[in-house]
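> So here's model23.txt, just compact mmCIF, N, CA and C atoms:
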```txt
# COMPACT_ATOMS: atom_id res chain seq x y z
N MET A 215 -6.63 21.40 45.03
CA MET A 215 -6.76 22.44 44.04
C MET A 215 -6.98 21.78 42.68
N ALA A 216 -7.93 22.27 41.93
CA ALA A 216 -8.28 21.69 40.63
C ALA A 216 -7.31 22.17 39.56
N LYS A 217 -7.15 21.30 38.55
CA LYS A 217 -6.29 21.67 37.42
C LYS A 217 -6.99 22.69 36.56
N ARG A 218 -6.23 23.67 36.13
CA ARG A 218 -6.80 24.66 35.22
C ARG A 218 -6.70 24.15 33.80
N LYS A 219 -7.73 24.41 33.04
CA LYS A 219 -7.66 24.03 31.63
C LYS A 219 -6.87 25.08 30.88
N VAL A 220 -5.97 24.60 30.01
CA VAL A 220 -5.15 25.50 29.22
C VAL A 220 -5.64 25.38 27.78
N SER A 221 -5.82 26.52 27.14
CA SER A 221 -6.32 26.47 25.76
C SER A 221 -5.30 25.82 24.85
N ARG A 222 -5.78 25.32 23.73
CA ARG A 222 -4.92 24.62 22.78
C ARG A 222 -3.80 25.51 22.25
N LYS A 223 -4.11 26.77 22.08
CA LYS A 223 -3.12 27.69 21.54
C LYS A 223 -1.89 27.74 22.44
N PHE A 224 -2.10 27.79 23.74
CA PHE A 224 -0.99 27.88 24.66
C PHE A 224 -0.26 26.54 24.78
N LYS A 225 -0.99 25.42 24.66
CA LYS A 225 -0.34 24.12 24.69
C LYS A 225 0.61 23.98 23.51
N ALA A 226 0.16 24.40 22.34
CA ALA A 226 1.00 24.30 21.15
C ALA A 226 2.24 25.18 21.30
N LYS A 227 2.05 26.36 21.85
CA LYS A 227 3.18 27.27 22.02
C LYS A 227 4.19 26.70 23.00
N ALA A 228 3.70 26.13 24.09
CA ALA A 228 4.60 25.54 25.09
C ALA A 228 5.34 24.35 24.49
N MET A 229 4.65 23.55 23.69
CA MET A 229 5.27 22.40 23.07
C MET A 229 6.36 22.85 22.10
N MET A 230 6.09 23.90 21.32
CA MET A 230 7.10 24.40 20.38
C MET A 230 8.31 24.93 21.13
N GLU A 231 8.09 25.62 22.25
CA GLU A 231 9.22 26.15 23.03
C GLU A 231 10.06 25.00 23.59
N ARG A 232 9.40 23.94 24.07
CA ARG A 232 10.11 22.78 24.60
C ARG A 232 10.94 22.12 23.50
N GLN A 233 10.37 22.01 22.31
CA GLN A 233 11.11 21.40 21.20
C GLN A 233 12.31 22.25 20.82
N MET A 234 12.17 23.56 20.86
CA MET A 234 13.30 24.44 20.53
C MET A 234 14.42 24.27 21.55
N GLN A 235 14.08 24.06 22.82
CA GLN A 235 15.10 23.89 23.85
C GLN A 235 15.80 22.54 23.70
N GLU A 236 15.05 21.51 23.29
CA GLU A 236 15.62 20.18 23.15
C GLU A 236 16.44 20.02 21.86
N ARG A 237 16.25 20.92 20.92
CA ARG A 237 16.95 20.83 19.64
C ARG A 237 18.45 20.95 19.84
N LYS A 238 19.20 20.12 19.11
CA LYS A 238 20.66 20.15 19.22
C LYS A 238 21.21 21.36 18.47
N PRO A 239 22.22 21.96 19.02
CA PRO A 239 22.85 23.07 18.27
C PRO A 239 23.61 22.51 17.08
N PRO A 240 23.78 23.30 16.02
CA PRO A 240 24.51 22.81 14.85
C PRO A 240 25.93 22.43 15.25
N SER A 241 26.40 21.30 14.74
CA SER A 241 27.69 20.76 15.16
C SER A 241 28.85 21.61 14.64
N GLN A 242 28.89 21.85 13.35
CA GLN A 242 29.98 22.63 12.77
C GLN A 242 29.42 23.44 11.61
N PRO A 243 30.00 24.59 11.37
CA PRO A 243 29.55 25.35 10.19
C PRO A 243 29.95 24.60 8.93
N ARG A 244 29.17 24.79 7.87
CA ARG A 244 29.45 24.11 6.60
C ARG A 244 30.76 24.60 6.01
N LYS A 245 31.45 23.65 5.40
CA LYS A 245 32.69 24.02 4.74
C LYS A 245 32.38 24.71 3.43
N LYS A 246 33.27 25.64 3.05
CA LYS A 246 33.09 26.34 1.80
C LYS A 246 33.41 25.39 0.65
N PHE A 247 32.59 25.43 -0.39
CA PHE A 247 32.75 24.55 -1.54
C PHE A 247 33.94 25.01 -2.36
N ASP A 248 34.91 24.11 -2.58
CA ASP A 248 36.11 24.44 -3.34
C ASP A 248 35.91 24.01 -4.79
N PHE A 249 35.56 24.96 -5.64
CA PHE A 249 35.24 24.68 -7.03
C PHE A 249 36.48 24.22 -7.80
N LYS A 250 37.64 24.78 -7.50
CA LYS A 250 38.86 24.40 -8.21
C LYS A 250 39.21 22.94 -7.96
N GLN A 251 39.10 22.50 -6.71
CA GLN A 251 39.37 21.09 -6.40
C GLN A 251 38.36 20.18 -7.09
N PHE A 252 37.11 20.62 -7.14
CA PHE A 252 36.07 19.84 -7.80
C PHE A 252 36.41 19.63 -9.27
N ILE A 253 36.80 20.70 -9.96
CA ILE A 253 37.15 20.62 -11.38
C ILE A 253 38.40 19.76 -11.57
N LYS A 254 39.35 19.88 -10.64
CA LYS A 254 40.59 19.12 -10.76
C LYS A 254 40.33 17.62 -10.62
N LYS A 255 39.42 17.22 -9.73
CA LYS A 255 39.13 15.81 -9.50
C LYS A 255 38.09 15.23 -10.45
N LEU A 256 37.43 16.06 -11.22
CA LEU A 256 36.33 15.59 -12.06
C LEU A 256 36.72 14.50 -13.06
N PRO A 257 37.81 14.65 -13.84
CA PRO A 257 38.16 13.58 -14.79
C PRO A 257 38.42 12.23 -14.12
N SER A 258 39.09 12.24 -12.98
CA SER A 258 39.36 10.97 -12.30
C SER A 258 38.07 10.36 -11.75
N ARG A 259 37.13 11.19 -11.32
CA ARG A 259 35.85 10.68 -10.83
C ARG A 259 35.03 10.07 -11.98
N ILE A 260 35.06 10.72 -13.14
CA ILE A 260 34.35 10.18 -14.31
C ILE A 260 34.95 8.85 -14.73
N ALA A 261 36.29 8.77 -14.73
CA ALA A 261 36.97 7.53 -15.11
C ALA A 261 36.63 6.42 -14.12
N LYS A 262 36.61 6.73 -12.83
CA LYS A 262 36.29 5.72 -11.81
C LYS A 262 34.86 5.25 -11.98
N PHE A 263 33.94 6.16 -12.26
CA PHE A 263 32.55 5.79 -12.47
C PHE A 263 32.42 4.85 -13.67
N THR A 264 33.12 5.18 -14.76
CA THR A 264 33.06 4.34 -15.96
C THR A 264 33.63 2.95 -15.68
N ARG A 265 34.75 2.88 -14.97
CA ARG A 265 35.32 1.57 -14.61
C ARG A 265 34.36 0.77 -13.74
N ASP A 266 33.72 1.41 -12.79
CA ASP A 266 32.76 0.73 -11.92
C ASP A 266 31.56 0.21 -12.70
N VAL A 267 31.08 1.00 -13.66
CA VAL A 267 29.95 0.57 -14.48
C VAL A 267 30.33 -0.65 -15.29
N ILE A 268 31.50 -0.63 -15.92
CA ILE A 268 31.95 -1.77 -16.72
C ILE A 268 32.11 -3.00 -15.84
N HIS A 269 32.66 -2.82 -14.66
CA HIS A 269 32.84 -3.93 -13.72
C HIS A 269 31.49 -4.53 -13.33
N GLU A 270 30.49 -3.70 -13.05
CA GLU A 270 29.17 -4.20 -12.68
C GLU A 270 28.47 -4.88 -13.86
N LEU A 271 28.66 -4.36 -15.06
CA LEU A 271 28.03 -4.97 -16.24
C LEU A 271 28.60 -6.35 -16.54
N LYS A 272 29.85 -6.59 -16.14
CA LYS A 272 30.42 -7.93 -16.32
C LYS A 272 29.78 -8.94 -15.38
N LYS A 273 29.23 -8.48 -14.25
CA LYS A 273 28.59 -9.36 -13.29
C LYS A 273 27.17 -9.76 -13.70
N VAL A 274 26.58 -9.01 -14.62
CA VAL A 274 25.19 -9.24 -15.01
C VAL A 274 25.08 -10.56 -15.75
N SER A 275 24.02 -11.32 -15.42
CA SER A 275 23.78 -12.56 -16.17
C SER A 275 22.84 -12.22 -17.32
N TRP A 276 23.39 -12.12 -18.50
CA TRP A 276 22.63 -11.72 -19.68
C TRP A 276 21.83 -12.91 -20.20
N PRO A 277 20.58 -12.68 -20.66
CA PRO A 277 19.80 -13.80 -21.19
C PRO A 277 20.33 -14.23 -22.56
N THR A 278 20.02 -15.49 -22.90
CA THR A 278 20.41 -15.97 -24.22
C THR A 278 19.50 -15.33 -25.27
N ARG A 279 19.86 -15.49 -26.52
CA ARG A 279 19.07 -14.90 -27.60
C ARG A 279 17.66 -15.48 -27.62
N LYS A 280 17.56 -16.80 -27.42
CA LYS A 280 16.26 -17.47 -27.44
C LYS A 280 15.38 -16.98 -26.29
N ALA A 281 15.96 -16.86 -25.10
CA ALA A 281 15.21 -16.38 -23.94
C ALA A 281 14.76 -14.93 -24.16
N LEU A 282 15.62 -14.12 -24.73
CA LEU A 282 15.28 -12.73 -24.99
C LEU A 282 14.11 -12.61 -25.96
N ILE A 283 14.11 -13.44 -27.00
CA ILE A 283 13.01 -13.43 -27.96
C ILE A 283 11.71 -13.88 -27.29
N ASN A 284 11.79 -14.91 -26.44
CA ASN A 284 10.60 -15.36 -25.71
C ASN A 284 10.05 -14.27 -24.79
N TYR A 285 10.93 -13.61 -24.05
CA TYR A 285 10.49 -12.53 -23.15
C TYR A 285 9.85 -11.39 -23.93
N THR A 286 10.43 -11.06 -25.08
CA THR A 286 9.89 -9.99 -25.91
C THR A 286 8.49 -10.34 -26.41
N ILE A 287 8.31 -11.57 -26.84
CA ILE A 287 6.99 -11.99 -27.33
C ILE A 287 5.97 -11.94 -26.20
N VAL A 288 6.35 -12.40 -25.02
CA VAL A 288 5.44 -12.37 -23.87
C VAL A 288 5.02 -10.93 -23.56
N VAL A 289 5.95 -10.02 -23.58
CA VAL A 289 5.65 -8.62 -23.27
C VAL A 289 4.71 -8.04 -24.33
N ILE A 290 4.99 -8.28 -25.60
CA ILE A 290 4.16 -7.72 -26.67
C ILE A 290 2.74 -8.30 -26.62
N VAL A 291 2.62 -9.60 -26.40
CA VAL A 291 1.29 -10.22 -26.30
C VAL A 291 0.52 -9.65 -25.11
N THR A 292 1.19 -9.49 -23.97
CA THR A 292 0.53 -8.93 -22.78
C THR A 292 0.05 -7.52 -23.04
N ILE A 293 0.85 -6.70 -23.69
CA ILE A 293 0.46 -5.33 -24.00
C ILE A 293 -0.76 -5.32 -24.92
N VAL A 294 -0.76 -6.18 -25.94
CA VAL A 294 -1.89 -6.23 -26.87
C VAL A 294 -3.17 -6.67 -26.15
N VAL A 295 -3.07 -7.69 -25.30
CA VAL A 295 -4.24 -8.17 -24.56
C VAL A 295 -4.81 -7.06 -23.68
N PHE A 296 -3.96 -6.38 -22.94
CA PHE A 296 -4.45 -5.33 -22.06
C PHE A 296 -4.97 -4.14 -22.85
N ALA A 297 -4.39 -3.84 -24.00
CA ALA A 297 -4.90 -2.75 -24.83
C ALA A 297 -6.30 -3.07 -25.34
N VAL A 298 -6.51 -4.30 -25.80
CA VAL A 298 -7.84 -4.72 -26.27
C VAL A 298 -8.83 -4.67 -25.10
N LEU A 299 -8.43 -5.18 -23.95
CA LEU A 299 -9.30 -5.19 -22.77
C LEU A 299 -9.67 -3.77 -22.36
N LEU A 300 -8.71 -2.88 -22.35
CA LEU A 300 -8.98 -1.49 -22.00
C LEU A 300 -9.89 -0.84 -23.04
N GLY A 301 -9.68 -1.15 -24.32
CA GLY A 301 -10.54 -0.61 -25.37
C GLY A 301 -11.97 -1.08 -25.23
N VAL A 302 -12.17 -2.37 -24.88
CA VAL A 302 -13.52 -2.90 -24.69
C VAL A 302 -14.20 -2.21 -23.51
N PHE A 303 -13.49 -2.06 -22.40
CA PHE A 303 -14.07 -1.37 -21.25
C PHE A 303 -14.40 0.08 -21.59
N ASP A 304 -13.52 0.74 -22.30
CA ASP A 304 -13.75 2.13 -22.69
C ASP A 304 -14.99 2.24 -23.58
N LEU A 305 -15.10 1.37 -24.55
CA LEU A 305 -16.27 1.37 -25.43
C LEU A 305 -17.54 1.09 -24.64
N GLY A 306 -17.48 0.14 -23.70
CA GLY A 306 -18.64 -0.16 -22.86
C GLY A 306 -19.06 1.03 -22.02
N PHE A 307 -18.10 1.71 -21.41
CA PHE A 307 -18.43 2.88 -20.59
C PHE A 307 -19.01 4.01 -21.44
N ILE A 308 -18.48 4.19 -22.65
CA ILE A 308 -19.02 5.22 -23.54
C ILE A 308 -20.48 4.91 -23.88
N ARG A 309 -20.79 3.64 -24.19
CA ARG A 309 -22.18 3.25 -24.51
C ARG A 309 -23.09 3.48 -23.31
N VAL A 310 -22.64 3.12 -22.11
CA VAL A 310 -23.46 3.32 -20.91
C VAL A 310 -23.73 4.81 -20.69
N ILE A 311 -22.72 5.63 -20.86
CA ILE A 311 -22.90 7.07 -20.67
C ILE A 311 -23.84 7.63 -21.72
N GLU A 312 -23.71 7.18 -22.96
CA GLU A 312 -24.63 7.64 -24.02
C GLU A 312 -26.07 7.26 -23.69
N LEU A 313 -26.29 6.06 -23.18
CA LEU A 313 -27.63 5.64 -22.79
C LEU A 313 -28.17 6.50 -21.64
N LEU A 314 -27.31 6.82 -20.68
CA LEU A 314 -27.74 7.65 -19.55
C LEU A 314 -28.06 9.07 -19.98
N VAL A 315 -27.30 9.59 -20.92
CA VAL A 315 -27.52 10.95 -21.41
C VAL A 315 -28.83 11.03 -22.22
N ASN A 316 -29.14 9.99 -22.98
CA ASN A 316 -30.35 9.99 -23.83
C ASN A 316 -31.64 9.78 -23.05
N ILE A 317 -31.53 9.38 -21.80
CA ILE A 317 -32.75 9.12 -21.00
C ILE A 317 -33.47 10.40 -20.70
```
Let me see the file written as structure tokens.

Amino acid sequence: MAKRKVSRKFKAKAMMERQMQERKPPSQPRKKFDFKQFIKKLPSRIAKFTRDVIHELKKVSWPTRKALINYTIVVIVTIVVFAVLLGVFDLGFIRVIELLVNI
């Protein structure tokens, strides 16, 4: 007996039904949000966050003043070079477009 061809519409529907059967049921209903507990714990959470931030900032290896000045100069020079380069390309493209429009 030959296999019957099934249209795409029915294949998609069968696949969706199979996926629905394989889907896991929700494990537990969501707990209700307790706003009063949230407000009560908020100051201690903010204090813990601040302590953690200060602790992490102590671990940072800060650059020396000389290194910071060098990095700043490198960044400013790079920005200026790319700005000039972008301006030259922009001017070139404008000239090319003007020539094409005047033809």
> Please indicate the distance in Å from atom CA of A:Ile268 to atom CA of A:Val289, rounded to one decimal place.
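Computing it gives 28.0 Å between the two atoms.
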> Would you mind reading off the distance between atom CA of A:Leu256 and atom CA of A:His269, one decimal, in Å?
19.9 Å
> So which residues of chain A fall under helix (DSSP H, G or I) by DSSP, listed as number ranges by chain?
A: 222-236, 249-273, 279-316
